[in-house]
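Visitor: Data file work_20.cif (mmCIF, C-alpha atoms) is appended below.
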```
data_work
loop_
_atom_site.label_atom_id
_atom_site.label_comp_id
_atom_site.auth_asym_id
_atom_site.auth_seq_id
_atom_site.Cartn_x
_atom_site.Cartn_y
_atom_site.Cartn_z
CA MET A 1 30.78 107.72 180.71
CA ARG A 2 29.00 105.01 182.68
CA GLN A 3 28.18 101.60 181.25
CA VAL A 4 24.45 100.90 181.15
CA ALA A 5 24.37 97.36 179.78
CA ILE A 6 25.79 94.89 177.27
CA ILE A 7 23.14 93.30 175.04
CA GLU A 8 23.88 91.01 172.10
CA HIS A 9 27.54 92.23 172.05
CA ILE A 10 26.34 95.86 172.03
CA SER A 11 27.93 97.91 174.80
CA ILE A 12 25.71 100.80 175.91
CA SER A 13 27.12 103.70 177.91
CA ALA A 14 25.59 106.91 179.23
CA GLY A 15 27.29 110.28 179.56
CA TRP A 16 27.27 113.95 178.68
CA GLU A 17 28.40 116.04 175.74
CA HIS A 18 28.19 119.83 176.00
CA GLU A 19 25.54 119.54 178.73
CA GLN A 20 23.55 117.16 176.52
CA ALA A 21 22.78 113.66 177.83
CA ILE A 22 23.94 110.99 175.38
CA LEU A 23 24.00 107.24 174.94
CA VAL A 24 26.86 105.52 173.10
CA PHE A 25 26.22 102.18 171.39
CA ASN A 26 29.37 100.22 170.54
CA ASN A 27 29.05 97.03 168.48
CA ARG A 28 31.77 94.71 169.78
CA GLY A 29 30.44 91.68 167.91
CA GLN A 30 30.93 90.36 164.38
CA ASP A 31 27.41 90.95 163.01
CA ARG A 32 25.27 93.94 162.09
CA LYS A 33 22.63 94.69 164.73
CA TYR A 34 19.33 96.55 164.51
CA ILE A 35 18.68 98.81 167.47
CA ASP A 36 15.36 100.37 168.49
CA ILE A 37 15.32 102.86 171.37
CA ARG A 38 11.81 103.19 172.77
CA TYR A 39 10.11 105.20 175.48
CA GLN A 40 6.70 105.68 177.05
CA LYS A 41 5.28 108.80 178.61
CA LEU A 42 2.91 108.60 181.54
CA GLY A 43 -0.45 107.23 180.43
CA LYS A 44 0.47 107.19 176.73
CA LEU A 45 1.48 104.58 174.14
CA ASN A 46 5.14 103.81 173.68
CA HIS A 47 7.11 105.45 170.87
CA SER A 48 10.36 104.83 169.00
CA LEU A 49 12.96 107.47 169.83
CA LYS A 50 15.56 106.19 167.35
CA HIS A 51 15.85 103.16 165.08
CA PHE A 52 19.11 102.34 163.31
CA GLN A 53 21.51 99.58 162.32
CA LEU A 54 25.01 99.27 163.75
CA LEU A 55 27.75 97.53 161.78
CA ALA A 56 30.35 95.34 163.49
CA GLY A 57 33.09 97.39 165.15
CA VAL A 58 31.16 100.66 164.81
CA SER A 59 29.95 103.04 167.52
CA ARG A 60 27.08 105.51 167.43
CA THR A 61 26.12 108.37 169.73
CA VAL A 62 22.44 109.12 170.38
CA LYS A 63 21.37 112.36 172.06
CA LEU A 64 18.60 112.06 174.61
CA PRO A 65 15.84 114.67 174.21
CA LYS A 66 15.12 117.26 176.85
CA GLY A 67 12.62 115.99 179.36
CA PHE A 68 13.57 112.34 178.95
CA GLU A 69 13.83 112.04 182.74
CA LYS A 70 10.03 112.38 182.91
CA TYR A 71 9.44 109.26 180.81
CA GLU A 72 7.56 106.44 182.49
CA LYS A 73 9.54 103.77 180.64
CA PHE A 74 12.72 103.71 178.59
CA TYR A 75 14.18 100.62 176.96
CA PHE A 76 16.30 99.22 174.12
CA ARG A 77 15.36 96.49 171.66
CA ILE A 78 18.42 94.87 170.04
CA GLY A 79 17.68 92.01 167.70
CA LYS A 80 15.19 89.86 169.56
CA LYS A 81 16.30 90.96 173.02
CA GLU A 82 14.90 93.79 175.07
CA TRP A 83 16.43 95.67 177.99
CA PRO A 84 13.85 97.43 180.15
CA ASN A 85 15.47 100.31 182.00
CA SER A 86 14.35 102.22 185.04
CA ILE A 87 14.47 105.95 184.38
CA ASP A 88 15.72 106.38 187.95
CA ASP A 89 18.66 104.06 187.22
CA LEU A 90 19.49 105.93 184.01
CA ARG A 91 19.36 109.29 185.79
CA LYS A 92 21.68 107.93 188.47
CA LEU A 93 24.21 106.73 185.89
CA LEU A 94 24.09 110.09 184.14
CA ASP A 95 24.58 111.94 187.44
CA GLU A 96 27.66 109.79 188.11
CA ALA A 97 28.99 110.46 184.63
CA LYS A 98 28.58 114.20 185.14
CA ALA A 99 31.29 114.19 187.81
CA PRO A 100 34.35 116.18 186.73
CA ALA A 101 36.54 114.18 184.34
CA ALA A 102 40.08 114.92 183.28
CA ILE A 103 39.26 114.49 179.61
CA GLU A 104 39.28 117.32 177.13
CA GLN A 105 36.35 117.24 174.70
CA PRO A 106 37.41 116.79 171.07
CA ARG A 107 36.86 119.87 168.95
CA LEU A 108 36.69 120.30 165.20
CA VAL A 109 39.74 121.82 163.61
CA ASN A 110 40.26 123.01 160.06
CA ALA A 111 42.11 120.56 157.87
CA PRO A 112 45.54 121.67 156.63
CA PRO A 113 45.97 122.49 152.92
CA SER A 114 47.11 118.91 152.36
CA PRO A 115 44.87 116.65 154.42
CA GLU A 116 47.10 113.61 154.17
CA PRO A 117 47.35 112.39 157.81
CA GLU A 118 50.71 112.34 159.54
CA PRO A 119 52.62 109.01 159.67
CA LEU A 120 51.40 106.79 162.46
CA SER A 121 54.85 105.60 163.54
CA ASP A 122 56.08 109.00 164.70
CA ALA A 123 52.78 110.62 165.64
CA PRO A 124 53.20 111.86 169.23
CA LEU A 125 50.32 111.59 171.62
CA ASP A 126 50.38 115.33 172.21
CA SER A 127 47.27 115.11 174.30
CA LEU A 128 48.64 112.51 176.70
CA LYS A 129 49.81 114.43 179.74
CA THR A 130 51.70 111.82 181.72
CA GLY A 131 52.60 108.18 181.89
CA ILE A 132 53.80 107.77 178.28
CA ASN A 133 56.90 105.77 179.17
CA GLU A 134 55.17 103.61 181.75
CA THR A 135 54.95 99.96 180.71
CA GLY A 136 53.01 98.19 183.42
CA GLY A 137 49.54 97.87 184.78
CA LEU A 138 46.45 99.87 184.00
CA LYS A 139 48.36 102.93 182.87
CA ALA A 140 50.08 100.98 180.07
CA GLU A 141 46.72 99.57 179.01
CA ALA A 142 45.25 103.08 178.93
CA VAL A 143 48.14 104.32 176.79
CA ALA A 144 47.61 101.40 174.39
CA ILE A 145 43.88 102.18 174.12
CA VAL A 146 44.53 105.83 173.31
CA ARG A 147 47.23 104.99 170.77
CA LYS A 148 44.98 102.46 169.06
CA THR A 149 42.09 104.96 169.00
CA ARG A 150 44.19 107.73 167.53
CA ALA A 151 45.57 105.37 164.88
CA GLN A 152 42.02 104.30 164.08
CA VAL A 153 40.76 107.83 163.40
CA LEU A 154 43.85 108.68 161.36
CA ALA A 155 43.16 105.59 159.25
CA LEU A 156 39.54 106.68 158.86
CA ALA A 157 40.67 110.15 157.77
CA ARG A 158 43.13 108.73 155.24
CA ALA A 159 40.56 106.30 153.81
CA TYR A 160 37.97 109.07 153.50
CA TYR A 161 40.43 111.39 151.73
CA GLU A 162 41.29 108.58 149.31
CA GLY A 163 37.63 108.10 148.40
CA GLN A 164 36.95 104.89 150.30
CA PRO A 165 33.23 104.27 150.92
CA ILE A 166 31.43 105.10 154.14
CA GLU A 167 28.01 104.10 155.49
CA LEU A 168 25.62 107.04 155.11
CA GLY A 169 22.61 105.21 156.53
CA GLU A 170 19.02 105.73 155.49
CA MET A 171 17.82 109.25 154.67
CA GLU A 172 14.05 109.55 154.36
CA THR A 173 14.17 112.89 152.53
CA ALA A 174 17.49 112.62 150.70
CA THR A 175 18.35 115.37 148.24
CA PRO A 176 19.36 114.47 144.65
CA SER A 177 23.01 114.99 145.62
CA GLN A 178 22.65 112.76 148.66
CA ARG A 179 21.04 110.01 146.58
CA VAL A 180 24.00 110.13 144.19
CA LEU A 181 26.44 109.90 147.10
CA GLN A 182 24.52 106.99 148.61
CA PHE A 183 24.75 105.18 145.29
CA LEU A 184 28.48 105.84 144.81
CA ASN A 185 29.29 104.60 148.32
CA LEU A 186 27.09 101.54 147.80
CA MET A 187 28.81 100.75 144.50
CA ALA A 188 32.31 101.07 145.96
CA ARG A 189 31.43 98.77 148.88
CA ALA A 190 29.71 96.19 146.66
CA LEU A 191 32.59 96.05 144.18
CA GLY A 192 35.07 95.65 147.03
CA THR A 193 33.00 92.83 148.54
CA TRP A 194 32.75 91.02 145.21
CA LYS A 195 36.49 91.28 144.61
CA ALA A 196 37.30 90.09 148.16
CA GLU A 197 35.04 87.06 147.79
CA LEU A 198 36.66 86.03 144.51
CA GLU A 199 40.11 86.38 146.07
CA ARG A 200 39.05 84.34 149.09
CA LEU A 201 37.66 81.59 146.85
CA GLY A 202 40.90 81.51 144.83
CA GLU A 203 39.36 82.87 141.61
CA SER A 204 41.59 81.58 138.82
CA ASN A 205 40.73 84.31 136.27
CA PRO A 206 42.85 87.35 137.19
CA ASN A 207 41.10 89.44 134.51
CA VAL A 208 37.88 89.49 136.55
CA ILE A 209 39.63 90.70 139.71
CA GLU A 210 41.61 93.27 137.73
CA THR A 211 38.40 94.56 136.13
CA LEU A 212 36.62 94.85 139.49
CA THR A 213 39.66 96.64 140.93
CA CYS A 214 39.67 99.16 138.08
CA ARG A 215 35.92 99.79 138.27
CA ARG A 216 36.11 100.30 142.04
CA GLU A 217 38.96 102.77 141.54
CA ASP A 218 36.76 104.64 139.05
CA ILE A 219 34.16 105.13 141.80
CA THR A 220 36.58 105.96 144.64
CA ALA A 221 38.28 108.55 142.39
CA ARG A 222 34.94 110.28 141.94
CA LEU A 223 34.22 110.14 145.68
CA SER A 224 37.65 111.60 146.42
CA ALA A 225 37.06 114.44 143.96
CA ILE A 226 33.61 115.18 145.43
CA ARG A 227 35.05 115.30 148.96
CA GLY A 228 37.57 117.92 147.90
CA GLU A 229 41.02 118.84 149.12
CA SER A 230 40.11 119.57 152.74
CA PRO A 231 37.75 117.00 154.26
CA PRO A 232 37.54 116.92 158.08
CA SER A 233 40.70 116.02 159.99
CA PRO A 234 40.55 114.14 163.31
CA PRO A 235 39.94 116.52 166.21
CA PRO A 236 42.38 116.37 169.14
CA LEU A 237 41.99 113.60 171.70
CA SER A 238 43.13 114.83 175.11
CA VAL A 239 43.16 112.71 178.24
CA GLU A 240 45.09 112.79 181.50
CA ILE A 241 46.46 109.49 182.74
CA GLU A 242 47.72 109.66 186.28
CA CYS A 243 46.31 107.42 188.98
CA ILE A 244 44.38 104.88 186.92
CA THR A 245 41.72 102.66 188.46
CA ASP A 246 39.58 100.05 186.76
CA ALA A 247 36.67 102.50 186.66
CA GLU A 248 38.84 105.24 185.14
CA LEU A 249 40.14 102.78 182.55
CA ASP A 250 36.54 102.00 181.57
CA ASP A 251 35.90 105.74 181.29
CA ILE A 252 38.90 106.13 178.95
CA ARG A 253 37.75 103.17 176.88
CA ASN A 254 34.23 104.61 176.57
CA THR A 255 35.55 108.10 175.84
CA CYS A 256 37.69 106.70 173.05
CA ALA A 257 34.64 104.93 171.61
CA VAL A 258 32.76 108.26 171.69
CA TYR A 259 35.73 109.97 170.03
CA VAL A 260 35.73 107.50 167.14
CA ALA A 261 31.94 107.64 166.78
CA ARG A 262 32.02 111.45 166.81
CA PHE A 263 34.60 111.54 164.02
CA GLU A 264 32.64 109.01 161.97
CA GLY A 265 29.56 111.20 162.45
CA MET A 266 31.59 114.21 161.38
CA LEU A 267 32.56 112.46 158.13
CA ILE A 268 28.96 111.40 157.49
CA GLY A 269 27.71 114.95 158.05
CA TYR A 270 30.37 116.35 155.74
CA GLU A 271 29.52 113.77 153.06
CA GLN A 272 25.80 114.50 153.27
CA GLY A 273 26.57 118.18 152.71
CA ARG A 274 28.47 117.67 149.44
CA GLU A 275 26.83 118.94 146.26
CA VAL A 276 27.09 117.15 142.90
CA ASP A 277 25.58 117.64 139.46
CA SER A 278 22.78 115.07 139.79
CA ALA A 279 21.90 115.34 136.07
CA GLU A 280 25.46 114.36 135.19
CA TYR A 281 25.27 111.31 137.45
CA ASP A 282 21.81 110.32 136.22
CA ALA A 283 23.52 109.80 132.87
CA PHE A 284 26.83 108.47 134.22
CA ILE A 285 25.52 105.75 136.55
CA PRO A 286 23.58 103.64 133.99
CA ARG A 287 26.43 103.96 131.47
CA PHE A 288 28.96 102.94 134.09
CA ILE A 289 27.03 99.81 135.09
CA THR A 290 26.10 98.66 131.60
CA ASP A 291 29.20 99.64 129.61
CA ARG A 292 32.17 99.83 131.95
CA LEU A 293 31.16 97.19 134.50
CA PHE A 294 28.82 94.70 132.80
CA ASN A 295 30.53 94.46 129.42
CA SER A 296 34.02 94.41 130.95
CA VAL A 297 33.23 91.61 133.40
CA ALA A 298 31.08 89.66 130.92
CA ARG A 299 34.02 89.35 128.52
CA CYS A 300 36.14 87.51 131.05
CA MET A 301 33.59 85.54 133.12
CA PRO A 302 31.60 82.45 132.09
CA PHE A 303 27.99 83.29 131.23
CA GLU A 304 26.55 80.83 133.73
CA ALA A 305 28.56 82.38 136.59
CA LEU A 306 27.66 85.98 135.78
CA SER A 307 24.05 86.48 136.86
CA GLU A 308 24.28 85.93 140.62
CA ARG A 309 26.51 88.95 141.25
CA MET A 310 25.88 91.13 138.23
CA ASP A 311 22.08 91.13 138.59
CA LYS A 312 22.40 93.09 141.85
CA PHE A 313 24.18 95.93 140.05
CA LEU A 314 21.93 95.86 136.99
CA HIS A 315 18.76 95.97 139.07
CA LEU A 316 19.92 99.27 140.55
CA VAL A 317 19.34 100.88 137.13
CA GLY A 318 16.40 98.77 135.99
CA TYR A 319 18.18 96.22 133.78
CA GLU A 320 18.66 92.47 133.78
CA ILE A 321 20.59 89.94 131.72
CA VAL A 322 18.68 88.54 128.74
CA PRO A 323 17.81 85.00 129.90
CA ILE A 324 19.32 82.19 127.81
CA GLU A 325 19.39 78.49 128.62
CA VAL A 326 22.27 77.05 126.62
CA GLY A 327 21.18 73.99 124.65
CA TYR A 328 17.47 74.84 124.95
CA THR A 329 16.83 78.48 124.01
CA LYS A 330 16.12 78.91 120.30
CA SER A 331 18.21 81.52 118.49
CA ASP A 332 16.23 84.44 117.09
CA SER A 333 17.78 87.24 115.04
CA ARG A 334 15.25 89.69 116.50
CA ALA A 335 16.57 89.07 120.02
CA HIS A 336 20.07 87.66 119.46
CA GLU A 337 23.09 88.64 117.43
CA ILE A 338 24.13 85.35 115.83
CA GLN A 339 27.90 85.35 115.42
CA GLY A 340 28.16 81.91 113.82
CA SER A 341 27.07 78.30 113.81
CA ARG A 342 28.62 75.09 115.09
CA GLN A 343 27.77 71.45 114.76
CA THR A 344 26.92 69.92 118.11
CA GLY A 345 24.71 67.21 119.47
CA GLU A 346 22.09 69.82 120.40
CA GLU A 347 18.93 70.46 118.45
CA PRO A 348 19.64 72.64 115.40
CA GLY A 349 18.86 76.32 115.90
CA THR A 350 19.35 76.27 119.66
CA ILE A 351 21.95 78.49 121.30
CA VAL A 352 25.05 76.45 122.13
CA GLU A 353 27.30 79.26 123.39
CA VAL A 354 26.87 82.81 124.71
CA VAL A 355 29.81 84.89 123.48
CA LEU A 356 28.61 88.09 125.17
CA PRO A 357 25.43 88.39 127.30
CA GLY A 358 22.74 90.92 126.47
CA LEU A 359 20.65 93.35 128.49
CA GLN A 360 16.96 94.09 128.71
CA ARG A 361 14.77 96.44 130.72
CA ILE A 362 13.10 94.82 133.72
CA ALA A 363 9.95 96.92 133.34
CA ASP A 364 8.92 95.82 129.84
CA GLY A 365 11.51 93.30 128.61
CA THR A 366 12.78 95.62 125.87
CA ILE A 367 16.21 94.45 124.72
CA VAL A 368 18.74 97.28 124.87
CA GLN A 369 21.79 95.15 124.02
CA LYS A 370 21.46 91.94 122.03
CA PRO A 371 23.40 88.95 123.34
CA VAL A 372 26.04 87.61 120.95
CA VAL A 373 25.56 83.88 120.51
CA ILE A 374 26.60 80.76 118.60
CA ARG A 375 23.80 78.51 117.37
CA GLY A 376 23.87 74.81 116.73
CA GLU A 377 23.47 73.19 113.34
#
```
As structure tokens, how would this structure be written, given the file I've shared?
Guide:
Amino acid sequence: MRQVAIIEHISISAGWEHEQAILVFNNRGQDRKYIDIRYQKLGKLNHSLKHFQLLAGVSRTVKLPKGFEKYEKFYFRIGKKEWPNSIDDLRKLLDEAKAPAAIEQPRLVNAPPSPEPEPLSDAPLDSLKTGINETGGLKAEAVAIVRKTRAQVLALARAYYEGQPIELGEMETATPSQRVLQFLNLMARALGTWKAELERLGESNPNVIETLTCRREDITARLSAIRGESPPSPPPLSVEIECITDAELDDIRNTCAVYVARFEGMLIGYEQGREVDSAEYDAFIPRFITDRLFNSVARCMPFEALSERMDKFLHLVGYEIVPIEVGYTKSDSRAHEIQGSRQTGEEPGTIVEVVLPGLQRIADGTIVQKPVVIRGE
């Protein structure tokens, strides 16, 4: 691999994979970046070759189409910055990267009957030919990079097997099964984010965090079952470390980034190929959000603190919380379930407490679950 540029914390490298020219984008920053790869043929308007988003710490490999060397222009747009590239410069970098390298290409292997990855502490670097006991200089740094990379893909494999969410990206023509999988991964990520934020803020109500933990486990259990007993295992990573130079260390670093990106792509491809009963999930998903998630959280969270987070989940299935302004909204038996009355300083007949929020359809305002309220006398 040969480094092309670093733009907005995105490292871009050029190389080859099975005689196919590739570019590797590695997000070394802390923020998600939007990347647009554009080109222009002689005498024609420019076109977008690939447009995608890259999360922090994630790499992505993009294959260059045949005949790219005949483009008049080729450039990247990352955020608000643009990197115009000379096709001659890119060809030169690719020619340099095509020089023989002492790195074995990863290859897909069948997962064992039990796909639980081997313990990291004892896992030998079977692909590391020499230099394992060396502790100094560039060779030690190369060993550390390879160890860290191998540990990273083993962690990815373990998380995937356990049903942890992955980023499937946008699919313009997603099948019903793929739409279900997109939703399940989205739900698992969103629940995890909500729980993490409450923990970071020192949420005093442990019932809310416990509920979010249980609901997230419901989703990851389904993802794990869908993925089956033998999801992809990490392919072998083989490198030779002998006389290491700065340039060779950069090659190892870039190759490791490609290795991780290739395994992530392997998991995404496997996920997109799973089949589910979409009719079953068309019924399960709304029930899960309204009954298991909404009602469980609403019982242990103050009404006024509920909408900001819960609305995002409810909107996914076309629902919203029945709006009530405590102290102002008039109670109405047609729209509210009145549990009791209480003397307060508020105007009689107004809602003074929401015991359990209600739900209504966004499209037409039809109430599907009446809120349980206390009215003032």
Visitor: How far is it from CA of Ile351 (chain A) to CA of Pro302 (chain A), in Å with one decimal?
Guide: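 So the two atoms, CA of Ile351 (chain A) and CA of Pro302 (chain A), lie 15.0 Å apart.
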Visitor: So which residues touch Thr149 (chain A) within 10 Å, counting all atoms listed in the file, skipping near sequence neighbours fewer than 5 positions away, as a PyMOL selection string?
Guide: chain A and resi 143-144+154-155+237+253+255-257+259-260
Visitor: Step by step, work through what the PyMOL selection byres ((chain A and resi 217) around 12) selects in the shown file, and finish by giving those residues as a PyMOL selection string.
Guide: chain A and resi 162-165+184-185+187-189+191-192+210-216+218-224+293
Visitor: Using the chain letters and residue numbers of this document, give as a list in words the residues selected by the PyMOL selection byres ((chain A and resi 8-14) around 6).
Guide: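 Against this file, the PyMOL selection byres ((chain A and resi 8-14) around 6) returns the residues Met1, Arg2, Gln3, Val4, Ala5, Ile6, Ile7, Gly15, Ile22, Leu23, Val24, Phe25, Asn26, Asn27, Arg28 and Gly29 of chain A.
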Visitor: Looking at all atoms listed in the file, which of A:Asp250, A:Glu320, A:Glu347, A:Glu141 is the one that sits closest to Leu359 (chain A)?
Guide: A:Glu320
Visitor: Could you spell out the hits of the PyMOL selection byres ((chain A and resi 336) around 8) on the shown file, as a PyMOL selection string?
Guide: chain A and resi 331-335+337-338+370-373
Visitor: Could you state the separation of CA of Gln40 (chain A) and CA of Leu54 (chain A) in Å, given to one decimal place?
Guide: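 One can read the CA of Gln40 (chain A) to CA of Leu54 (chain A) distance as 23.5 Å.
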Visitor: Output region 233-243 of chain A with all heavy atoms present, as a PDB file, in the coordinates of the input.
Guide:
```pdb
ATOM      1  N   SER A 233      39.577 116.725 159.370  1.00  0.00           N
ATOM      2  CA  SER A 233      40.700 116.020 159.990  1.00  0.00           C
ATOM      3  C   SER A 233      40.278 115.589 161.391  1.00  0.00           C
ATOM      4  O   SER A 233      39.366 116.169 161.986  1.00  0.00           O
ATOM      5  CB  SER A 233      41.919 116.945 160.092  1.00  0.00           C
ATOM      6  OG  SER A 233      42.411 117.264 158.817  1.00  0.00           O
ATOM      7  N   PRO A 234      40.925 114.565 161.955  1.00  0.00           N
ATOM      8  CA  PRO A 234      40.550 114.140 163.310  1.00  0.00           C
ATOM      9  C   PRO A 234      40.752 115.267 164.311  1.00  0.00           C
ATOM     10  O   PRO A 234      41.798 115.918 164.322  1.00  0.00           O
ATOM     11  CB  PRO A 234      41.514 112.982 163.589  1.00  0.00           C
ATOM     12  CG  PRO A 234      41.932 112.497 162.245  1.00  0.00           C
ATOM     13  CD  PRO A 234      41.960 113.705 161.363  1.00  0.00           C
ATOM     14  N   PRO A 235      39.762 115.530 165.158  1.00  0.00           N
ATOM     15  CA  PRO A 235      39.940 116.520 166.210  1.00  0.00           C
ATOM     16  C   PRO A 235      40.904 115.984 167.271  1.00  0.00           C
ATOM     17  O   PRO A 235      41.183 114.787 167.299  1.00  0.00           O
ATOM     18  CB  PRO A 235      38.526 116.678 166.787  1.00  0.00           C
ATOM     19  CG  PRO A 235      37.856 115.387 166.490  1.00  0.00           C
ATOM     20  CD  PRO A 235      38.433 114.892 165.197  1.00  0.00           C
ATOM     21  N   PRO A 236      41.438 116.853 168.123  1.00  0.00           N
ATOM     22  CA  PRO A 236      42.380 116.370 169.140  1.00  0.00           C
ATOM     23  C   PRO A 236      41.720 115.473 170.176  1.00  0.00           C
ATOM     24  O   PRO A 236      40.566 115.681 170.529  1.00  0.00           O
ATOM     25  CB  PRO A 236      42.897 117.670 169.783  1.00  0.00           C
ATOM     26  CG  PRO A 236      41.820 118.672 169.524  1.00  0.00           C
ATOM     27  CD  PRO A 236      41.230 118.320 168.205  1.00  0.00           C
ATOM     28  N   LEU A 237      42.442 114.476 170.613  1.00  0.00           N
ATOM     29  CA  LEU A 237      41.990 113.600 171.700  1.00  0.00           C
ATOM     30  C   LEU A 237      42.886 113.875 172.897  1.00  0.00           C
ATOM     31  O   LEU A 237      44.080 113.596 172.864  1.00  0.00           O
ATOM     32  CB  LEU A 237      42.087 112.135 171.287  1.00  0.00           C
ATOM     33  CG  LEU A 237      41.853 111.102 172.396  1.00  0.00           C
ATOM     34  CD1 LEU A 237      40.442 111.227 172.953  1.00  0.00           C
ATOM     35  CD2 LEU A 237      42.113 109.694 171.880  1.00  0.00           C
ATOM     36  N   SER A 238      42.326 114.454 173.936  1.00  0.00           N
ATOM     37  CA  SER A 238      43.130 114.830 175.110  1.00  0.00           C
ATOM     38  C   SER A 238      42.612 114.113 176.347  1.00  0.00           C
ATOM     39  O   SER A 238      41.444 114.219 176.692  1.00  0.00           O
ATOM     40  CB  SER A 238      43.067 116.348 175.339  1.00  0.00           C
ATOM     41  OG  SER A 238      43.653 117.030 174.256  1.00  0.00           O
ATOM     42  N   VAL A 239      43.505 113.370 176.986  1.00  0.00           N
ATOM     43  CA  VAL A 239      43.160 112.710 178.240  1.00  0.00           C
ATOM     44  C   VAL A 239      44.320 112.872 179.203  1.00  0.00           C
ATOM     45  O   VAL A 239      45.461 113.061 178.789  1.00  0.00           O
ATOM     46  CB  VAL A 239      42.862 111.202 178.034  1.00  0.00           C
ATOM     47  CG1 VAL A 239      41.649 110.992 177.169  1.00  0.00           C
ATOM     48  CG2 VAL A 239      44.075 110.490 177.456  1.00  0.00           C
ATOM     49  N   GLU A 240      44.042 112.813 180.476  1.00  0.00           N
ATOM     50  CA  GLU A 240      45.090 112.790 181.500  1.00  0.00           C
ATOM     51  C   GLU A 240      45.119 111.401 182.105  1.00  0.00           C
ATOM     52  O   GLU A 240      44.093 110.867 182.511  1.00  0.00           O
ATOM     53  CB  GLU A 240      44.814 113.833 182.576  1.00  0.00           C
ATOM     54  CG  GLU A 240      45.158 115.250 182.148  1.00  0.00           C
ATOM     55  CD  GLU A 240      45.101 116.224 183.307  1.00  0.00           C
ATOM     56  OE1 GLU A 240      44.936 115.762 184.451  1.00  0.00           O
ATOM     57  OE2 GLU A 240      45.214 117.425 183.069  1.00  0.00           O
ATOM     58  N   ILE A 241      46.302 110.818 182.153  1.00  0.00           N
ATOM     59  CA  ILE A 241      46.460 109.490 182.740  1.00  0.00           C
ATOM     60  C   ILE A 241      47.425 109.621 183.909  1.00  0.00           C
ATOM     61  O   ILE A 241      48.617 109.791 183.723  1.00  0.00           O
ATOM     62  CB  ILE A 241      46.992 108.495 181.695  1.00  0.00           C
ATOM     63  CG1 ILE A 241      46.006 108.378 180.534  1.00  0.00           C
ATOM     64  CG2 ILE A 241      47.212 107.129 182.336  1.00  0.00           C
ATOM     65  CD1 ILE A 241      46.497 107.472 179.422  1.00  0.00           C
ATOM     66  N   GLU A 242      46.872 109.569 185.087  1.00  0.00           N
ATOM     67  CA  GLU A 242      47.720 109.660 186.280  1.00  0.00           C
ATOM     68  C   GLU A 242      47.476 108.431 187.149  1.00  0.00           C
ATOM     69  O   GLU A 242      48.021 107.373 186.901  1.00  0.00           O
ATOM     70  CB  GLU A 242      47.454 110.972 187.004  1.00  0.00           C
ATOM     71  CG  GLU A 242      47.856 112.186 186.147  1.00  0.00           C
ATOM     72  CD  GLU A 242      47.851 113.478 186.928  1.00  0.00           C
ATOM     73  OE1 GLU A 242      47.826 113.427 188.160  1.00  0.00           O
ATOM     74  OE2 GLU A 242      47.872 114.540 186.294  1.00  0.00           O
ATOM     75  N   CYS A 243      46.633 108.567 188.128  1.00  0.00           N
ATOM     76  CA  CYS A 243      46.310 107.420 188.980  1.00  0.00           C
ATOM     77  C   CYS A 243      45.133 106.681 188.362  1.00  0.00           C
ATOM     78  O   CYS A 243      43.996 107.143 188.467  1.00  0.00           O
ATOM     79  CB  CYS A 243      45.978 107.873 190.402  1.00  0.00           C
ATOM     80  SG  CYS A 243      47.372 108.700 191.205  1.00  0.00           S
TER      81      CYS A 243
END
```
